[in-house]
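Written below as structure tokens is the structure these notes are about.
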Amino acid sequence: MSSDQTTDLVKMVNQISINAPTQCREEAIQFVAQHLTKFWAREMKRQIKEYAISDGEALSSISLQAVKIL
């Protein structure tokens with residue numbers, strides 16, 4: 001990972017994925033994507049998208065799919 005900030009963003013999005021209020025994978029992906037869209041600053045979304053494209057290894061599968069939706 002490129003920076004401490006990116007590491008923090010990855011931890012946050014993975015935590016959101018873990019705590020998604022649903023058992024259905026597709027609903028969890030949509031929930032996470034909506035949360036990021038509503039509550040994350042533009043720069044945070046840019047950084048997590050950049051990370052997902054360049055590496056993405058530390059993102060959970062739900063987090064990665066949600067970031068791809070952004």
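Each chain in the structure tokens gets a letter, A, B, ..., in the order shown, and its residues are numbered from 1; ligands are numbered from 1 in order too.
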>> as a list in words, please: the residues near Lys68 (chain A) (cut-off 12 Å, only C-alpha atoms, same-chain neighbours under 2 positions excluded).
In response: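 These residues fall inside the cut-off: Ile29, Gln30, Val32, Ala33, Gln34, Leu36, Thr37, Lys45, Arg46, Ile48, Lys49, Glu50, Tyr51, Ala52, Ile53, Gly56, Leu59, Ser61, Ile62, Ser63, Leu64, Gln65, Ala66 and Leu70 of chain A.
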> Mind checking DSSP for chain A and telling me the alpha helix (DSSP H) residues as a PyMOL selection string?
Replying inline: chain A and resi 4-18+25-39+42-54+61-69
